[in-house]
>>> print(open('target27.cif').read())   # mmCIF, C-alpha atoms
data_structure
loop_
_atom_site.group_PDB
_atom_site.id
_atom_site.type_symbol
_atom_site.label_atom_id
_atom_site.label_comp_id
_atom_site.auth_asym_id
_atom_site.auth_seq_id
_atom_site.Cartn_x
_atom_site.Cartn_y
_atom_site.Cartn_z
ATOM 1 C CA MET A 293 -40.081 12.835 -13.031
ATOM 2 C CA ILE A 294 -39.934 13.665 -9.314
ATOM 3 C CA GLN A 295 -38.773 10.126 -8.515
ATOM 4 C CA ARG A 296 -35.910 10.377 -11.032
ATOM 5 C CA SER A 297 -34.631 13.653 -9.578
ATOM 6 C CA ALA A 298 -34.955 12.270 -6.039
ATOM 7 C CA ALA A 299 -33.007 9.186 -7.122
ATOM 8 C CA ARG A 300 -30.213 11.431 -8.444
ATOM 9 C CA LEU A 301 -30.046 13.254 -5.100
ATOM 10 C CA ALA A 302 -29.959 10.056 -3.041
ATOM 11 C CA PRO A 303 -26.502 8.827 -2.082
ATOM 12 C CA PRO A 304 -25.271 5.845 -4.084
ATOM 13 C CA ASN A 305 -25.365 2.441 -2.444
ATOM 14 C CA ILE A 306 -21.653 1.869 -2.052
ATOM 15 C CA GLY A 307 -21.915 -1.551 -0.444
ATOM 16 C CA ARG A 308 -20.917 -1.579 3.215
ATOM 17 C CA GLY A 309 -20.049 -5.276 2.995
ATOM 18 C CA TRP A 310 -17.061 -4.505 0.758
ATOM 19 C CA PHE A 311 -15.696 -2.059 3.350
ATOM 20 C CA ILE A 312 -16.041 -4.664 6.096
ATOM 21 C CA ALA A 313 -14.537 -7.463 3.957
ATOM 22 C CA LEU A 314 -11.532 -5.346 2.984
ATOM 23 C CA GLY A 315 -11.062 -4.220 6.575
ATOM 24 C CA LEU A 316 -11.168 -7.747 7.983
ATOM 25 C CA LEU A 317 -8.835 -9.076 5.294
ATOM 26 C CA LEU A 318 -6.281 -6.337 6.022
ATOM 27 C CA VAL A 319 -6.494 -7.030 9.765
ATOM 28 C CA VAL A 320 -5.875 -10.767 9.193
ATOM 29 C CA ILE A 321 -2.902 -10.100 6.891
ATOM 30 C CA GLY A 322 -1.495 -7.600 9.389
ATOM 31 C CA ALA A 323 -1.853 -10.077 12.248
ATOM 32 C CA ALA A 324 -0.117 -12.779 10.182
ATOM 33 C CA SER A 325 2.737 -10.368 9.511
ATOM 34 C CA LEU A 326 3.090 -9.777 13.256
ATOM 35 C CA LEU A 327 2.954 -13.499 14.089
ATOM 36 C CA PHE A 328 5.400 -14.587 11.381
ATOM 37 C CA PRO A 329 7.706 -11.592 10.763
ATOM 38 C CA PHE A 330 10.624 -13.479 9.206
ATOM 39 C CA LEU A 331 8.377 -15.482 6.917
ATOM 40 C CA ALA A 332 6.645 -12.285 5.800
ATOM 41 C CA ALA A 333 9.981 -10.528 5.143
ATOM 42 C CA TRP A 334 11.432 -13.493 3.280
ATOM 43 C CA SER A 335 8.344 -14.043 1.144
ATOM 44 C CA LEU A 336 8.219 -10.362 0.186
ATOM 45 C CA GLU A 337 11.914 -10.328 -0.653
ATOM 46 C CA PHE A 338 11.562 -13.553 -2.663
ATOM 47 C CA ALA A 339 8.619 -12.135 -4.639
ATOM 48 C CA VAL A 340 10.547 -8.951 -5.448
ATOM 49 C CA GLY A 341 13.624 -10.949 -6.531
ATOM 50 C CA VAL A 342 11.645 -13.284 -8.781
ATOM 51 C CA SER A 343 9.696 -10.360 -10.270
ATOM 52 C CA LEU A 344 12.888 -8.475 -11.085
ATOM 53 C CA ILE A 345 14.445 -11.520 -12.753
ATOM 54 C CA ALA A 346 11.282 -12.205 -14.778
ATOM 55 C CA GLY A 347 11.093 -8.557 -15.830
ATOM 56 C CA GLY A 348 14.771 -8.594 -16.789
ATOM 57 C CA VAL A 349 14.423 -11.722 -18.914
ATOM 58 C CA LEU A 350 11.392 -10.276 -20.708
ATOM 59 C CA THR A 351 13.202 -6.978 -21.247
ATOM 60 C CA LEU A 352 16.213 -8.807 -22.739
ATOM 61 C CA ILE A 353 13.972 -10.886 -25.008
ATOM 62 C CA HIS A 354 12.291 -7.725 -26.235
ATOM 63 C CA ALA A 355 15.668 -6.032 -26.810
ATOM 64 C CA VAL A 356 16.821 -8.971 -28.961
ATOM 65 C CA ARG A 357 13.578 -9.007 -30.966
ATOM 66 C CA VAL A 358 13.693 -5.286 -31.818
ATOM 67 C CA ARG A 359 17.371 -5.067 -32.829
ATOM 68 C CA GLY A 360 16.855 -2.195 -35.258
ATOM 69 C CA TRP A 361 15.433 0.122 -32.609
ATOM 70 C CA ARG A 362 17.675 2.962 -31.350
ATOM 71 C CA GLY A 363 17.051 2.044 -27.708
ATOM 72 C CA THR A 364 17.991 -1.633 -28.013
ATOM 73 C CA ALA A 365 21.359 -1.351 -26.246
ATOM 74 C CA LEU A 366 19.944 0.615 -23.318
ATOM 75 C CA GLN A 367 16.980 -1.724 -23.068
ATOM 76 C CA GLY A 368 19.372 -4.701 -22.968
ATOM 77 C CA LEU A 369 21.348 -2.953 -20.230
ATOM 78 C CA LEU A 370 18.139 -2.413 -18.248
ATOM 79 C CA GLY A 371 17.279 -6.089 -18.637
ATOM 80 C CA VAL A 372 20.676 -7.066 -17.239
ATOM 81 C CA LEU A 373 20.234 -4.553 -14.392
ATOM 82 C CA TYR A 374 16.857 -6.099 -13.500
ATOM 83 C CA ILE A 375 18.318 -9.593 -13.475
ATOM 84 C CA VAL A 376 21.301 -8.555 -11.333
ATOM 85 C CA GLY A 377 18.967 -6.748 -8.914
ATOM 86 C CA GLY A 378 16.750 -9.829 -8.676
ATOM 87 C CA LEU A 379 19.750 -12.074 -8.050
ATOM 88 C CA ILE A 380 20.945 -9.724 -5.291
ATOM 89 C CA PHE A 381 17.533 -9.984 -3.629
ATOM 90 C CA LEU A 382 17.629 -13.785 -3.826
ATOM 91 C CA THR A 383 21.293 -14.412 -2.958
ATOM 92 C CA ASN A 384 21.991 -11.656 -0.425
ATOM 93 C CA PRO A 385 18.999 -11.450 1.875
ATOM 94 C CA PHE A 386 20.417 -8.631 4.006
ATOM 95 C CA ALA A 387 21.026 -6.294 1.041
ATOM 96 C CA GLY A 388 17.560 -7.091 -0.294
ATOM 97 C CA LEU A 389 15.985 -6.513 3.101
ATOM 98 C CA LEU A 390 17.815 -3.193 3.436
ATOM 99 C CA ALA A 391 16.533 -2.096 0.010
ATOM 100 C CA LEU A 392 13.005 -3.161 0.959
ATOM 101 C CA THR A 393 13.296 -1.269 4.235
ATOM 102 C CA VAL A 394 14.162 1.958 2.413
ATOM 103 C CA MET A 395 11.312 1.335 -0.016
ATOM 104 C CA PHE A 396 8.815 0.652 2.776
ATOM 105 C CA GLY A 397 9.963 3.677 4.779
ATOM 106 C CA ALA A 398 9.255 5.853 1.761
ATOM 107 C CA PHE A 399 5.994 3.977 1.133
ATOM 108 C CA PHE A 400 4.778 4.459 4.717
ATOM 109 C CA ALA A 401 5.545 8.179 4.565
ATOM 110 C CA ALA A 402 3.718 8.579 1.230
ATOM 111 C CA ASP A 403 0.855 6.343 2.399
ATOM 112 C CA GLY A 404 0.492 8.452 5.527
ATOM 113 C CA VAL A 405 0.301 11.691 3.564
ATOM 114 C CA ALA A 406 -2.228 10.168 1.138
ATOM 115 C CA ARG A 407 -4.389 8.848 3.965
ATOM 116 C CA ILE A 408 -4.316 12.221 5.751
ATOM 117 C CA LEU A 409 -5.480 13.889 2.529
ATOM 118 C CA LEU A 410 -8.158 11.190 2.139
ATOM 119 C CA ALA A 411 -9.382 11.847 5.684
ATOM 120 C CA PHE A 412 -9.919 15.520 4.947
ATOM 121 C CA ARG A 413 -11.548 14.669 1.603
ATOM 122 C CA ILE A 414 -14.142 12.346 3.225
ATOM 123 C CA ARG A 415 -14.420 14.376 6.428
ATOM 124 C CA PRO A 416 -18.202 14.381 6.816
ATOM 125 C CA GLN A 417 -18.277 10.576 6.612
ATOM 126 C CA ARG A 418 -18.403 8.353 9.647
ATOM 127 C CA ALA A 419 -14.940 7.314 10.921
ATOM 128 C CA TRP A 420 -13.082 9.880 8.793
ATOM 129 C CA TRP A 421 -10.920 10.588 11.813
ATOM 130 C CA LEU A 422 -9.647 6.985 11.793
ATOM 131 C CA PHE A 423 -8.129 7.629 8.364
ATOM 132 C CA LEU A 424 -6.526 10.775 9.806
ATOM 133 C CA VAL A 425 -5.104 8.904 12.803
ATOM 134 C CA THR A 426 -3.851 5.964 10.736
ATOM 135 C CA GLY A 427 -2.365 8.397 8.220
ATOM 136 C CA LEU A 428 -0.463 10.162 10.988
ATOM 137 C CA ILE A 429 0.711 6.781 12.324
ATOM 138 C CA ALA A 430 1.858 5.642 8.863
ATOM 139 C CA LEU A 431 3.686 8.926 8.304
ATOM 140 C CA ALA A 432 5.406 8.627 11.697
ATOM 141 C CA LEU A 433 6.360 4.988 10.997
ATOM 142 C CA GLY A 434 7.796 5.943 7.617
ATOM 143 C CA ILE A 435 9.916 8.672 9.154
ATOM 144 C CA LEU A 436 11.040 6.330 11.967
ATOM 145 C CA VAL A 437 12.028 3.612 9.492
ATOM 146 C CA LEU A 438 14.053 6.031 7.373
ATOM 147 C CA LEU A 439 15.722 7.655 10.391
ATOM 148 C CA GLY A 440 16.517 4.253 11.938
ATOM 149 C CA LEU A 441 18.421 2.916 8.910
ATOM 150 C CA PRO A 442 21.896 3.942 10.108
ATOM 151 C CA SER A 443 21.476 2.027 13.374
ATOM 152 C CA GLY A 444 19.891 -0.997 11.683
ATOM 153 C CA TRP A 445 16.924 -1.324 14.040
ATOM 154 C CA SER A 446 14.409 -0.380 11.344
ATOM 155 C CA VAL A 447 15.348 -3.460 9.306
ATOM 156 C CA ALA A 448 14.601 -5.654 12.315
ATOM 157 C CA PHE A 449 11.191 -4.117 12.943
ATOM 158 C CA LEU A 450 10.023 -3.740 9.343
ATOM 159 C CA ASP A 451 7.406 -6.493 9.550
ATOM 160 C CA ILE A 452 6.084 -5.219 12.858
ATOM 161 C CA PHE A 453 5.494 -1.835 11.216
ATOM 162 C CA VAL A 454 3.839 -3.475 8.214
ATOM 163 C CA GLY A 455 1.580 -5.553 10.467
ATOM 164 C CA ILE A 456 0.550 -2.601 12.629
ATOM 165 C CA ASN A 457 -0.111 -0.444 9.566
ATOM 166 C CA LEU A 458 -2.299 -3.128 7.962
ATOM 167 C CA ILE A 459 -4.283 -3.732 11.166
ATOM 168 C CA PHE A 460 -5.033 -0.021 11.633
ATOM 169 C CA THR A 461 -5.898 0.417 7.967
ATOM 170 C CA GLY A 462 -8.194 -2.608 8.107
ATOM 171 C CA ALA A 463 -9.932 -1.252 11.210
ATOM 172 C CA SER A 464 -10.466 2.081 9.416
ATOM 173 C CA PHE A 465 -12.132 0.399 6.448
ATOM 174 C CA ALA A 466 -14.225 -1.907 8.647
ATOM 175 C CA CYS A 467 -15.625 1.117 10.512
ATOM 176 C CA CYS A 468 -16.239 3.219 7.395
ATOM 177 C CA THR A 469 -19.700 3.139 5.819
ATOM 178 C CA GLY A 470 -18.781 5.011 2.650
ATOM 179 C CA ASN A 471 -21.659 7.434 3.222
ATOM 180 C CA ASP A 472 -21.827 10.868 4.752
ATOM 181 C CA SER A 473 -22.539 10.560 8.488
ATOM 182 C CA ARG A 474 -25.091 13.365 8.162
ATOM 183 C CA GLU A 475 -26.865 11.378 5.430
ATOM 184 C CA ALA A 476 -26.970 8.259 7.558
ATOM 185 C CA THR A 477 -28.478 10.035 10.533
ATOM 186 C CA SER A 478 -30.900 12.414 8.813
ATOM 187 C CA GLY A 479 -31.850 10.303 5.835
ATOM 188 C CA SER A 480 -31.325 13.243 3.493
ATOM 189 C CA PRO A 481 -28.342 14.189 1.363
ATOM 190 C CA ALA A 482 -25.755 16.454 2.956
ATOM 191 C CA VAL A 483 -25.361 19.936 1.636
#
>>> encode(input="target27.cif", output="structure tokens")
Amino acid sequence: MIQRSAARLAPPNIGRGWFIALGLLLVVIGAASLLFPFLAAWSLEFAVGVSLIAGGVLTLIHAVRVRGWRGTALQGLLGVLYIVGGLIFLTNPFAGLLALTVMFGAFFAADGVARILLAFRIRPQRAWWLFLVTGLIALALGILVLLGLPSGWSVAFLDIFVGINLIFTGASFACCTGNDSREATSGSPAV
């Protein structure tokens, strides 16, 4: 009985290896984005374009198959919109890259806020401050990308921002143990 209650109080074995593996993988992907920025931008834009076209075709097929439904016309219109958006991404790389830049600026800002909140949520854990720092960096990058759109420089540096963000995020995960730092040092659960 005492062993069962002690087992419930012990911190779960989260698996430090998964933190390290995720961290290293993110660092490698971030470094690749820095080394091959145009390839990274083009491949991302291509994937978005193909996904939109595939989603549009499936939406149109569904609209045709459910002709009696009240939303059929609007669903067909959405399918066409998806296909046109996908074709714009594939045929006009600059417009697609501009749309991705806006999306990533908003993503970085939201990612930064989420990571800052995560840092305060896991605060007693080892390396919590790295999540705070990388969250502040991501938030700053998001704001810089969105503010730099009128001048066009943020489009040019999009992949550099993505690479830096991934490297810092990977380093945060590689340093995180997933356990309370007080638990790791004292051997007893934190209060």
>>> closest_residue(input="target27.cif", among="A:Leu336, A:Leu428, A:Leu370, A:Val437", to="Leu350 of chain A", atoms="only C-alpha atoms")
A:Leu370
>>> resolve_selection(input="target27.cif", expression="the PyMOL selection byres ((chain A and resi 325) around 10)", output="list in words")
Val319, Val320, Ile321, Gly322, Ala323, Ala324, Leu326, Leu327, Phe328, Pro329, Phe330, Leu331, Ala332, Ala333, Leu450, Asp451, Ile452, Phe453, Val454, Gly455, Ile456, Leu458 and Ile459 of chain A
>>> resolve_selection(input="target27.cif", expression="the PyMOL selection byres ((chain A and resi 408) around 7)", output="CSV table (one decimal) with C-alpha atoms, keeping the file's coordinate frame")
chain,number,residue,atom,x,y,z
A,404,GLY,CA,0.5,8.5,5.5
A,405,VAL,CA,0.3,11.7,3.6
A,406,ALA,CA,-2.2,10.2,1.1
A,407,ARG,CA,-4.4,8.8,4.0
A,409,LEU,CA,-5.5,13.9,2.5
A,410,LEU,CA,-8.2,11.2,2.1
A,411,ALA,CA,-9.4,11.8,5.7
A,412,PHE,CA,-9.9,15.5,4.9
A,423,PHE,CA,-8.1,7.6,8.4
A,424,LEU,CA,-6.5,10.8,9.8
A,427,GLY,CA,-2.4,8.4,8.2
A,428,LEU,CA,-0.5,10.2,11.0
>>> atom_distance(input="target27.cif", atom1="atom CA of Leu422 of chain A", atom2="atom CA of Ile435 of chain A")
19.8 Å
>>> atom_distance(input="target27.cif", atom1="atom CA of Leu344 of chain A", atom2="atom CA of Ala398 of chain A")
19.6 Å
>>> resolve_selection(input="target27.cif", expression="the PyMOL selection byres ((chain A and resi 316) around 12)", output="PDB file with C-alpha atoms, in the frame of the given file")
ATOM      1  CA  GLY A 309     -20.049  -5.276   2.995  1.00  0.00           C
ATOM      2  CA  TRP A 310     -17.061  -4.505   0.758  1.00  0.00           C
ATOM      3  CA  PHE A 311     -15.696  -2.059   3.350  1.00  0.00           C
ATOM      4  CA  ILE A 312     -16.041  -4.664   6.096  1.00  0.00           C
ATOM      5  CA  ALA A 313     -14.537  -7.463   3.957  1.00  0.00           C
ATOM      6  CA  LEU A 314     -11.532  -5.346   2.984  1.00  0.00           C
ATOM      7  CA  GLY A 315     -11.062  -4.220   6.575  1.00  0.00           C
ATOM      8  CA  LEU A 317      -8.835  -9.076   5.294  1.00  0.00           C
ATOM      9  CA  LEU A 318      -6.281  -6.337   6.022  1.00  0.00           C
ATOM     10  CA  VAL A 319      -6.494  -7.030   9.765  1.00  0.00           C
ATOM     11  CA  VAL A 320      -5.875 -10.767   9.193  1.00  0.00           C
ATOM     12  CA  ILE A 321      -2.902 -10.100   6.891  1.00  0.00           C
ATOM     13  CA  GLY A 322      -1.495  -7.600   9.389  1.00  0.00           C
ATOM     14  CA  ALA A 323      -1.853 -10.077  12.248  1.00  0.00           C
ATOM     15  CA  LEU A 458      -2.299  -3.128   7.962  1.00  0.00           C
ATOM     16  CA  ILE A 459      -4.283  -3.732  11.166  1.00  0.00           C
ATOM     17  CA  PHE A 460      -5.033  -0.021  11.633  1.00  0.00           C
ATOM     18  CA  THR A 461      -5.898   0.417   7.967  1.00  0.00           C
ATOM     19  CA  GLY A 462      -8.194  -2.608   8.107  1.00  0.00           C
ATOM     20  CA  ALA A 463      -9.932  -1.252  11.210  1.00  0.00           C
ATOM     21  CA  SER A 464     -10.466   2.081   9.416  1.00  0.00           C
ATOM     22  CA  PHE A 465     -12.132   0.399   6.448  1.00  0.00           C
ATOM     23  CA  ALA A 466     -14.225  -1.907   8.647  1.00  0.00           C
ATOM     24  CA  CYS A 467     -15.625   1.117  10.512  1.00  0.00           C
TER      25      CYS A 467
END
>>> decode(input="target27.cif", residues="segment 327-462 of chain A", atoms="C-alpha atoms", output="compact mmCIF listing (two decimals), in the first residue's frame")
# COMPACT_ATOMS: atom_id res chain seq x y z
CA LEU A 327 21.72 26.87 -45.69
CA PHE A 328 19.12 26.53 -48.45
CA PRO A 329 16.68 29.44 -47.97
CA PHE A 330 15.26 29.53 -51.51
CA LEU A 331 14.77 25.78 -51.62
CA ALA A 332 12.99 25.90 -48.26
CA ALA A 333 10.73 28.77 -49.39
CA TRP A 334 9.92 27.13 -52.71
CA SER A 335 9.20 23.73 -51.19
CA LEU A 336 6.89 25.26 -48.58
CA GLU A 337 5.08 27.30 -51.21
CA PHE A 338 4.78 24.25 -53.48
CA ALA A 339 3.34 22.14 -50.64
CA VAL A 340 0.77 24.81 -49.79
CA GLY A 341 -0.24 25.18 -53.46
CA VAL A 342 -0.64 21.44 -54.00
CA SER A 343 -2.56 21.07 -50.72
CA LEU A 344 -4.97 23.84 -51.68
CA ILE A 345 -5.61 22.32 -55.11
CA ALA A 346 -6.15 18.85 -53.62
CA GLY A 347 -8.51 20.27 -51.00
CA GLY A 348 -10.40 22.20 -53.68
CA VAL A 349 -10.84 19.15 -55.89
CA LEU A 350 -12.10 17.09 -52.95
CA THR A 351 -14.45 19.88 -51.91
CA LEU A 352 -15.86 20.10 -55.46
CA ILE A 353 -16.31 16.32 -55.64
CA HIS A 354 -18.18 16.40 -52.35
CA ALA A 355 -20.36 19.30 -53.54
CA VAL A 356 -21.34 17.33 -56.67
CA ARG A 357 -22.11 14.18 -54.66
CA VAL A 358 -24.42 15.95 -52.18
CA ARG A 359 -26.45 18.00 -54.68
CA GLY A 360 -29.58 18.09 -52.53
CA TRP A 361 -27.84 19.77 -49.61
CA ARG A 362 -28.58 23.48 -49.00
CA GLY A 363 -24.87 24.34 -48.83
CA THR A 364 -23.89 22.73 -52.14
CA ALA A 365 -23.47 25.99 -54.08
CA LEU A 366 -21.34 27.61 -51.39
CA GLN A 367 -19.29 24.45 -50.98
CA GLY A 368 -18.68 24.39 -54.74
CA LEU A 369 -17.61 28.04 -54.57
CA LEU A 370 -15.19 27.21 -51.75
CA GLY A 371 -13.76 24.37 -53.82
CA VAL A 372 -13.14 26.74 -56.72
CA LEU A 373 -11.59 29.28 -54.32
CA TYR A 374 -9.19 26.62 -52.99
CA ILE A 375 -8.16 25.61 -56.49
CA VAL A 376 -7.61 29.23 -57.59
CA GLY A 377 -5.58 29.90 -54.42
CA GLY A 378 -3.46 26.81 -55.06
CA LEU A 379 -2.87 27.83 -58.67
CA ILE A 380 -1.81 31.31 -57.53
CA PHE A 381 0.73 29.73 -55.17
CA LEU A 382 2.10 27.55 -57.97
CA THR A 383 2.04 30.04 -60.86
CA ASN A 384 2.89 33.31 -59.11
CA PRO A 385 5.66 32.59 -56.64
CA PHE A 386 5.92 36.17 -55.39
CA ALA A 387 2.22 36.43 -54.46
CA GLY A 388 2.41 33.04 -52.77
CA LEU A 389 5.56 34.00 -50.90
CA LEU A 390 3.95 37.25 -49.76
CA ALA A 391 0.91 35.34 -48.46
CA LEU A 392 3.20 32.88 -46.68
CA THR A 393 5.16 35.76 -45.18
CA VAL A 394 2.00 37.26 -43.67
CA MET A 395 0.99 33.82 -42.40
CA PHE A 396 4.41 33.17 -40.86
CA GLY A 397 4.56 36.63 -39.28
CA ALA A 398 1.26 35.90 -37.56
CA PHE A 399 2.45 32.38 -36.71
CA PHE A 400 5.69 33.62 -35.14
CA ALA A 401 3.81 36.16 -33.03
CA ALA A 402 1.29 33.53 -31.84
CA ASP A 403 4.06 30.95 -31.33
CA GLY A 404 6.00 33.45 -29.24
CA VAL A 405 3.02 34.19 -27.00
CA ALA A 406 2.29 30.46 -26.60
CA ARG A 407 5.91 29.68 -25.74
CA ILE A 408 6.04 32.53 -23.19
CA LEU A 409 2.91 31.11 -21.54
CA LEU A 410 4.46 27.62 -21.66
CA ALA A 411 7.61 28.94 -19.96
CA PHE A 412 5.62 30.30 -17.05
CA ARG A 413 3.56 27.09 -16.88
CA ILE A 414 6.67 24.86 -16.57
CA ARG A 415 8.68 27.41 -14.59
CA PRO A 416 10.11 25.11 -11.92
CA GLN A 417 11.53 22.81 -14.61
CA ARG A 418 15.10 22.96 -15.78
CA ALA A 419 15.62 25.29 -18.78
CA TRP A 420 12.18 26.91 -18.47
CA TRP A 421 13.87 30.23 -19.14
CA LEU A 422 14.97 29.02 -22.59
CA PHE A 423 11.30 28.70 -23.55
CA LEU A 424 10.78 32.25 -22.26
CA VAL A 425 13.72 33.61 -24.26
CA THR A 426 12.78 31.75 -27.45
CA GLY A 427 9.18 32.87 -27.01
CA LEU A 428 10.28 36.49 -26.77
CA ILE A 429 12.49 36.00 -29.85
CA ALA A 430 9.64 34.41 -31.83
CA LEU A 431 7.27 37.20 -30.81
CA ALA A 432 9.82 39.84 -31.85
CA LEU A 433 10.44 38.06 -35.19
CA GLY A 434 6.71 37.88 -35.86
CA ILE A 435 6.29 41.59 -35.22
CA LEU A 436 9.36 42.39 -37.37
CA VAL A 437 8.05 40.28 -40.25
CA LEU A 438 4.63 41.94 -40.16
CA LEU A 439 6.08 45.45 -39.83
CA GLY A 440 8.59 44.81 -42.64
CA LEU A 441 5.97 43.82 -45.24
CA PRO A 442 5.57 47.28 -46.79
CA SER A 443 9.30 47.53 -47.51
CA GLY A 444 9.55 43.94 -48.75
CA TRP A 445 12.58 42.96 -46.68
CA SER A 446 10.60 40.50 -44.55
CA VAL A 447 9.84 38.37 -47.62
CA ALA A 448 13.56 38.12 -48.34
CA PHE A 449 14.46 37.05 -44.82
CA LEU A 450 11.54 34.72 -44.13
CA ASP A 451 13.62 31.53 -44.26
CA ILE A 452 16.33 33.02 -42.08
CA PHE A 453 13.69 33.73 -39.43
CA VAL A 454 12.26 30.23 -39.78
CA GLY A 455 15.72 28.68 -39.45
CA ILE A 456 16.67 30.73 -36.40
CA ASN A 457 13.33 30.01 -34.73
CA LEU A 458 13.69 26.25 -35.31
CA ILE A 459 17.28 26.18 -34.02
CA PHE A 460 16.37 28.02 -30.80
CA THR A 461 13.28 25.89 -30.28
CA GLY A 462 15.32 22.73 -30.84
